[in-house]
$ cat structure24.txt   # compact mmCIF, C-alpha atoms
# COMPACT_ATOMS: atom_id res chain seq x y z
CA MET S 381 11.69 -28.72 17.42
CA GLY S 382 10.50 -29.71 13.93
CA GLU S 383 7.86 -26.96 13.97
CA LYS S 384 10.47 -24.33 14.88
CA VAL S 385 12.69 -25.47 12.02
CA LYS S 386 9.76 -25.17 9.59
CA ILE S 387 8.93 -21.66 10.81
CA LYS S 388 12.59 -20.62 10.51
CA ALA S 389 12.69 -22.00 6.96
CA VAL S 390 9.63 -19.95 6.00
CA LYS S 391 11.15 -16.81 7.54
CA ASN S 392 14.44 -17.39 5.71
CA THR S 393 12.61 -17.94 2.42
CA THR S 394 10.59 -14.72 2.69
CA GLU S 395 13.68 -12.78 3.79
CA ILE S 396 15.65 -14.01 0.77
CA LEU S 397 12.81 -13.10 -1.60
CA LYS S 398 12.76 -9.62 -0.06
CA ILE S 399 16.54 -9.22 -0.43
CA VAL S 400 16.44 -10.23 -4.08
CA SER S 401 13.43 -8.00 -4.71
CA VAL S 402 15.09 -4.90 -3.23
CA ARG S 403 18.43 -5.53 -4.97
CA GLY S 404 16.94 -6.48 -8.32
CA LYS S 405 19.83 -8.89 -8.80
CA ALA S 406 21.72 -10.66 -6.02
CA SER S 407 24.59 -13.12 -5.85
CA VAL S 408 24.82 -16.00 -3.39
CA SER S 409 27.39 -14.12 -1.28
CA GLU S 410 25.27 -10.95 -1.20
CA VAL S 411 22.21 -12.88 -0.03
CA ALA S 412 24.26 -14.80 2.54
CA ALA S 413 25.76 -11.62 3.99
CA GLU S 414 22.44 -9.78 4.17
CA ALA S 415 20.48 -12.75 5.55
CA ASP S 416 23.31 -13.61 7.98
CA MET S 417 23.69 -17.22 6.88
CA PRO S 418 26.49 -19.38 5.39
CA ASN S 419 27.01 -19.23 1.62
CA SER S 420 26.09 -22.91 1.32
CA THR S 421 22.75 -22.35 3.08
CA ALA S 422 21.95 -19.30 0.93
CA HIS S 423 22.81 -21.31 -2.18
CA ASP S 424 20.43 -24.12 -1.17
CA TYR S 425 17.57 -21.66 -0.59
CA LEU S 426 18.23 -19.82 -3.85
CA GLN S 427 18.35 -23.05 -5.83
CA SER S 428 15.12 -24.29 -4.23
CA LEU S 429 13.38 -21.01 -5.08
CA LYS S 430 14.67 -21.27 -8.63
CA GLN S 431 13.43 -24.86 -8.97
CA THR S 432 9.97 -23.88 -7.70
CA GLY S 433 9.82 -21.01 -10.20
CA TYR S 434 10.07 -18.03 -7.85
CA LEU S 435 13.57 -16.99 -8.92
CA ILE S 436 15.54 -16.96 -12.13
CA ASN S 437 19.29 -16.63 -12.43
CA ASP S 438 22.00 -15.84 -14.93
CA SER S 439 25.66 -14.88 -14.82
CA GLU S 440 24.80 -11.65 -12.97
CA GLY S 441 22.90 -13.32 -10.14
CA TYR S 442 19.39 -14.20 -9.00
CA SER S 443 16.27 -12.12 -9.62
CA LEU S 444 12.54 -12.53 -9.03
CA SER S 445 10.47 -14.36 -11.61
CA THR S 446 6.93 -13.33 -12.54
CA ARG S 447 5.47 -16.17 -10.44
CA LEU S 448 4.76 -13.82 -7.56
CA LEU S 449 3.01 -11.46 -9.98
CA GLU S 450 0.78 -14.36 -11.00
CA HIS S 451 -0.26 -14.95 -7.38
CA GLY S 452 -0.74 -11.25 -6.66
CA THR S 453 -2.80 -10.71 -9.79
CA ARG S 454 -5.03 -13.66 -9.00
CA ARG S 455 -5.55 -12.40 -5.45
CA ARG S 456 -6.42 -8.92 -6.71
CA LEU S 457 -9.03 -10.30 -9.10
CA GLN S 458 -10.62 -12.19 -6.21
CA LEU S 459 -11.33 -8.89 -4.42
CA ASP S 460 -14.63 -7.46 -5.65
CA ILE S 461 -13.54 -3.95 -4.65
CA TYR S 462 -10.84 -4.01 -7.35
CA GLU S 463 -13.11 -4.40 -10.39
CA THR S 464 -15.81 -2.22 -8.81
CA ALA S 465 -13.44 0.68 -8.11
CA LYS S 466 -11.44 0.58 -11.36
CA PRO S 467 -13.76 2.84 -13.42
CA GLU S 468 -13.91 5.44 -10.64
CA ILE S 469 -10.12 5.46 -10.19
CA ALA S 470 -9.69 6.07 -13.92
CA LYS S 471 -12.32 8.81 -13.79
CA LEU S 472 -10.59 10.57 -10.88
CA ALA S 473 -7.24 10.50 -12.72
CA ARG S 474 -8.92 11.90 -15.82
CA GLU S 475 -10.79 14.67 -13.98
CA THR S 476 -7.89 15.82 -11.80
CA GLY S 477 -4.97 15.07 -14.12
CA GLU S 478 -3.11 13.60 -11.11
CA HIS S 479 -2.40 10.17 -9.59
CA ALA S 480 -5.52 8.32 -8.44
CA SER S 481 -5.38 5.07 -6.51
CA LEU S 482 -7.23 2.40 -4.57
CA MET S 483 -5.77 1.15 -1.27
CA ILE S 484 -6.71 -1.74 1.00
CA GLU S 485 -5.43 -2.69 4.45
CA GLU S 486 -3.47 -5.92 4.71
CA ASN S 487 -1.61 -7.10 7.82
CA GLY S 488 -1.65 -3.56 9.22
CA PHE S 489 -0.19 -1.90 6.10
CA GLY S 490 -1.75 0.00 3.21
CA ILE S 491 -1.46 -1.83 -0.12
CA LEU S 492 -1.98 0.04 -3.39
CA LEU S 493 -4.31 -2.23 -5.32
CA SER S 494 -4.74 -0.03 -8.38
CA THR S 495 -3.08 3.18 -9.57
CA VAL S 496 -3.83 5.37 -12.58
CA MET S 497 -1.78 8.34 -13.79
CA GLY S 498 -3.64 11.41 -15.01
CA GLU S 499 -2.46 13.53 -17.92
CA ASP S 500 -0.47 15.93 -15.71
CA ALA S 501 0.73 13.42 -13.11
CA VAL S 502 4.40 13.45 -12.15
CA GLU S 503 6.44 10.24 -12.05
CA ILE S 504 6.52 8.83 -8.52
CA VAL S 505 7.38 5.42 -7.05
CA ALA S 506 3.82 4.31 -6.34
CA HIS S 507 2.97 1.24 -8.41
CA ASP S 508 0.37 -1.46 -7.84
CA GLY S 509 1.38 -3.57 -4.86
CA THR S 510 3.31 -0.81 -3.07
CA LYS S 511 3.13 -1.24 0.73
CA THR S 512 3.02 1.84 2.97
CA PRO S 513 2.44 2.60 6.68
CA LEU S 514 -1.22 3.47 7.16
CA HIS S 515 -0.58 6.46 9.45
CA ALA S 516 1.56 8.26 6.86
CA THR S 517 -0.91 8.50 3.97
CA ALA S 518 -4.29 10.12 3.38
CA PRO S 519 -6.04 6.88 2.27
CA GLY S 520 -4.32 4.93 5.04
CA ARG S 521 -5.57 7.31 7.70
CA THR S 522 -9.13 7.15 6.38
CA ILE S 523 -8.91 3.37 6.78
CA LEU S 524 -7.56 3.72 10.33
CA ALA S 525 -10.27 6.25 11.18
CA ASN S 526 -12.94 3.68 10.35
CA LEU S 527 -11.40 0.63 12.02
CA PRO S 528 -12.39 -0.45 15.54
CA GLU S 529 -10.21 1.22 18.18
CA GLU S 530 -8.74 -2.08 19.32
CA ARG S 531 -7.61 -2.84 15.75
CA VAL S 532 -5.92 0.57 15.50
CA ASP S 533 -4.20 -0.12 18.83
CA ALA S 534 -2.93 -3.47 17.54
CA ILE S 535 -1.61 -1.96 14.29
CA VAL S 536 0.22 0.85 16.09
CA GLU S 537 1.63 -1.57 18.65
CA GLN S 538 2.90 -3.93 15.94
CA HIS S 539 4.22 -1.42 13.40
CA GLY S 540 4.70 1.78 15.39
CA LEU S 541 4.46 5.24 13.80
CA PRO S 542 7.69 5.42 11.77
CA LYS S 543 8.86 8.78 10.44
CA MET S 544 8.78 8.77 6.63
CA THR S 545 9.41 12.50 6.08
CA ARG S 546 9.75 15.52 8.35
CA ASN S 547 5.96 15.97 8.17
CA THR S 548 4.92 12.46 9.23
CA ILE S 549 2.71 12.12 12.30
CA THR S 550 4.73 10.11 14.84
CA GLU S 551 2.85 10.78 18.09
CA ARG S 552 -0.21 8.69 19.01
CA GLU S 553 -2.06 11.64 20.54
CA GLU S 554 -1.71 13.64 17.32
CA LEU S 555 -2.78 10.63 15.26
CA ASP S 556 -5.89 10.07 17.39
CA ALA S 557 -6.91 13.73 16.98
CA GLU S 558 -6.39 13.44 13.21
CA LEU S 559 -8.46 10.25 12.99
CA GLN S 560 -11.32 11.90 14.87
CA SER S 561 -11.21 14.84 12.45
CA ILE S 562 -11.29 12.45 9.48
CA LYS S 563 -14.37 10.70 10.86
CA GLU S 564 -16.17 14.03 11.01
CA LYS S 565 -15.03 15.30 7.58
CA LYS S 566 -15.21 11.89 5.83
CA TYR S 567 -11.89 12.52 4.07
CA ALA S 568 -8.21 13.05 4.91
CA LEU S 569 -5.59 15.52 3.72
CA GLU S 570 -1.91 14.61 3.64
CA GLN S 571 0.87 17.19 3.55
CA GLY S 572 3.98 15.44 2.20
CA GLU S 573 4.06 12.84 4.96
CA ILE S 574 4.95 9.87 2.76
CA MET S 575 6.76 11.73 -0.05
CA ASP S 576 8.33 15.18 0.13
CA GLY S 577 6.74 17.58 -2.33
CA MET S 578 3.51 15.59 -2.75
CA ARG S 579 0.09 16.19 -1.21
CA GLY S 580 -2.86 13.83 -1.15
CA VAL S 581 -6.54 13.51 -0.34
CA GLY S 582 -8.16 10.22 0.66
CA ALA S 583 -11.73 8.98 1.27
CA PRO S 584 -12.85 5.65 2.74
CA ILE S 585 -14.97 2.97 1.13
CA ILE S 586 -17.47 1.47 3.59
CA ARG S 587 -19.53 -1.65 2.96
CA ARG S 588 -23.13 -0.61 3.49
CA ASP S 589 -24.30 -4.02 4.70
CA SER S 590 -21.73 -4.20 7.51
CA ASP S 591 -20.42 -0.65 8.03
CA LYS S 592 -16.89 -2.06 7.67
CA VAL S 593 -14.15 -0.15 5.88
CA VAL S 594 -12.86 -2.19 2.94
CA GLY S 595 -10.49 0.30 1.36
CA ALA S 596 -9.88 3.91 0.42
CA ILE S 597 -9.38 5.95 -2.72
CA SER S 598 -7.01 8.88 -3.12
CA VAL S 599 -5.64 11.57 -5.40
CA TYR S 600 -2.03 12.79 -5.15
CA GLY S 601 -0.29 15.71 -6.82
CA PRO S 602 2.79 17.92 -6.42
CA THR S 603 2.63 20.57 -3.72
CA ASN S 604 2.93 23.49 -6.13
CA ARG S 605 -0.28 22.38 -7.91
CA THR S 606 -2.26 21.26 -4.87
CA ILE S 607 -1.61 23.88 -2.19
CA ASN S 608 -4.66 25.93 -3.07
CA LYS S 609 -8.29 26.18 -2.01
CA GLN S 610 -9.60 24.84 -5.31
CA PHE S 611 -7.74 21.55 -4.86
CA GLU S 612 -8.78 21.23 -1.22
CA ASP S 613 -12.43 21.96 -2.06
CA MET S 614 -12.81 20.13 -5.37
CA VAL S 615 -10.84 16.91 -4.85
CA PRO S 616 -12.46 15.84 -1.55
CA GLU S 617 -15.88 16.33 -3.14
CA LEU S 618 -14.87 14.23 -6.18
CA LEU S 619 -13.45 11.51 -3.94
CA ILE S 620 -16.53 11.33 -1.73
CA GLN S 621 -18.75 11.11 -4.81
CA SER S 622 -16.62 8.29 -6.26
CA ALA S 623 -16.51 6.48 -2.92
CA ASN S 624 -20.32 6.62 -2.75
CA ILE S 625 -20.62 5.15 -6.24
CA ILE S 626 -18.19 2.34 -5.38
CA GLU S 627 -20.09 1.61 -2.16
CA LEU S 628 -23.40 1.44 -4.00
CA ASN S 629 -21.97 -0.83 -6.70
CA LEU S 630 -20.48 -3.11 -4.04
CA ALA S 631 -23.85 -3.27 -2.30
CA TYR S 632 -25.88 -4.13 -5.40
CA SER S 633 -23.44 -6.08 -7.55
$ encode --input "structure24.txt" --output "structure tokens"
Amino acid sequence: MGEKVKIKAVKNTTEILKIVSVRGKASVSEVAAEADMPNSTAHDYLQSLKQTGYLINDSEGYSLSTRLLEHGTRRRLQLDIYETAKPEIAKLARETGEHASLMIEENGFGILLSTVMGEDAVEIVAHDGTKTPLHATAPGRTILANLPEERVDAIVEQHGLPKMTRNTITEREELDAELQSIKEKKYALEQGEIMDGMRGVGAPIIRRDSDKVVGAISVYGPTNRTINKQFEDMVPELLIQSANIIELNLAYS
């Protein structure tokens, strides 16, 4: 019984942090209603999170502190792929003028570990730490294409293939065909499947000592600038070159 109570407490804590994160600011009653718990229970959780430094509050309600940023930043610095890929991400943004990013897989989702805006990049909601379904993005699909089949099965079973836009792949058969194509081409194209009006290209990063995929890099731009042969020819080549450099640096660092 005690173990179940502890697990429930952890779930409630993470749910409350998520509610406050999405809202930006949240009152006790708003958290209680959304988490489906009494006001007194929500208040106790919120106060505990404030005392441990994960929340701050004022007259307008509770909001996240920067404590979680501290943990996330430390974790990112512990990943050798982050420092190794940073120069290549910046180079891709500079050469294409668009958004360039590094993604890793974590708990079956794609996590943007580093993003750089090129000179012509449009403002989009894609900051460091953003979590996305792997099947709906170019870098995510390159990661899936290089995972063992049983791992792909587990991810799809756990998270499904949710529809993000009208273009998102939502059928397993179609996804499997796409992953096979990516394996052959060594890159993926995305046609507005995570964001309407944006197209992307992704390439995997494979550790040469183990043949395991450890991440993917990508370039995204608006459809009107990327729906041409030059983009589809040039950007995959740039990405594959950058991925090769990152792989070599990971191998010999």
$ closest_residue --input "structure24.txt" --among "S:Glu440, S:Leu493, S:Leu514, S:Glu612" --to "Leu459 of chain S" --atoms "all atoms listed in the file"
S:Leu493
$ residues_around --input "structure24.txt" --residues "Val411 of chain S" --least-positions-apart "5" --cutoff "12 Å" --atoms "only C-alpha atoms" --output "PyMOL selection string"
chain S and resi 392-393+395-406+416-426+441-443
$ axis_aligned_box --input "structure24.txt" --around "segment 582-588 of chain S" --padding-each-side "4 Å" --output "lines of an AutoDock Vina configuration file"
center_x = -15.6
center_y = 4.3
center_z = 2.1
size_x = 23.0
size_y = 19.9
size_z = 10.9
$ atom_distance --input "structure24.txt" --atom1 "atom CA of Leu429 of chain S" --atom2 "atom CA of Val390 of chain S"
11.7 Å
$ atom_distance --input "structure24.txt" --atom1 "atom CA of Ile523 of chain S" --atom2 "atom CA of Ile461 of chain S"
14.3 Å
$ atom_distance --input "structure24.txt" --atom1 "atom CA of Pro616 of chain S" --atom2 "atom CA of Met575 of chain S"
19.7 Å
$ closest_residue --input "structure24.txt" --among "S:Ala389, S:Leu524, S:Ala596, S:Ile574" --to "Ala480 of chain S" --atoms "all atoms listed in the file"
S:Ala596
$ closest_residue --input "structure24.txt" --among "S:His479, S:Lys543, S:Lys592, S:Lys391" --to "Pro528 of chain S" --atoms "only C-alpha atoms"
S:Lys592
$ residues_near_point --input "structure24.txt" --point "(-16.0, 1.9, -9.8)" --cutoff "8 Å" --atoms "all atoms listed in the file" --output "PyMOL selection string"
chain S and resi 463-469+622+625-626+629
$ residues_around --input "structure24.txt" --residues "segment 555-570 of chain S" --least-positions-apart "3" --cutoff "6 Å" --atoms "all atoms listed in the file" --output "list in words"
Ala518, Ala525, Arg552, Arg579, Gly580, Val581, Gly582 and Ala583 of chain S
$ closest_residue --input "structure24.txt" --among "S:Leu527, S:Ile535, S:Ala501, S:Leu448" --to "Phe489 of chain S" --atoms "only C-alpha atoms"
S:Ile535
$ residues_around --input "structure24.txt" --residues "Ile607 of chain S" --least-positions-apart "6" --cutoff "10 Å" --atoms "only C-alpha atoms" --output "mmCIF file with C-alpha atoms, keeping the file's coordinate frame"
data_model
loop_
_atom_site.group_PDB
_atom_site.id
_atom_site.type_symbol
_atom_site.label_atom_id
_atom_site.label_comp_id
_atom_site.auth_asym_id
_atom_site.auth_seq_id
_atom_site.Cartn_x
_atom_site.Cartn_y
_atom_site.Cartn_z
ATOM 1 C CA GLN S 571 0.870 17.190 3.550
ATOM 2 C CA MET S 578 3.510 15.590 -2.750
ATOM 3 C CA ARG S 579 0.090 16.190 -1.210
ATOM 4 C CA GLY S 601 -0.290 15.710 -6.820
#
$ closest_residue --input "structure24.txt" --among "S:Gly540, S:Glu486, S:Asn624, S:Ile597" --to "Ala470 of chain S" --atoms "only C-alpha atoms"
S:Ile597
$ decode --input "structure24.txt" --residues "segment 504-524 of chain S" --atoms "C-alpha atoms" --output "JSON list (two decimals), in the first residue's frame"
[["chain", "number", "residue", "atom", "x", "y", "z"],
["S", 504, "ILE", "CA", 8.31, 28.92, -34.70],
["S", 505, "VAL", "CA", 7.62, 27.24, -31.36],
["S", 506, "ALA", "CA", 10.61, 24.91, -31.38],
["S", 507, "HIS", "CA", 12.94, 25.73, -28.50],
["S", 508, "ASP", "CA", 15.50, 23.57, -26.72],
["S", 509, "GLY", "CA", 13.72, 20.90, -24.72],
["S", 510, "THR", "CA", 10.65, 20.70, -26.98],
["S", 511, "LYS", "CA", 9.17, 17.17, -26.99],
["S", 512, "THR", "CA", 7.59, 15.81, -30.18],
["S", 513, "PRO", "CA", 6.25, 12.44, -31.43],
["S", 514, "LEU", "CA", 9.02, 10.70, -33.36],
["S", 515, "HIS", "CA", 6.79, 9.58, -36.25],
["S", 516, "ALA", "CA", 5.73, 13.15, -37.10],
["S", 517, "THR", "CA", 9.14, 14.74, -37.74],
["S", 518, "ALA", "CA", 11.99, 14.21, -40.19],
["S", 519, "PRO", "CA", 14.69, 13.77, -37.50],
["S", 520, "GLY", "CA", 12.35, 11.62, -35.42],
["S", 521, "ARG", "CA", 11.72, 9.25, -38.32],
["S", 522, "THR", "CA", 15.44, 8.93, -39.05],
["S", 523, "ILE", "CA", 15.87, 7.85, -35.42],
["S", 524, "LEU", "CA", 13.00, 5.34, -35.72]]
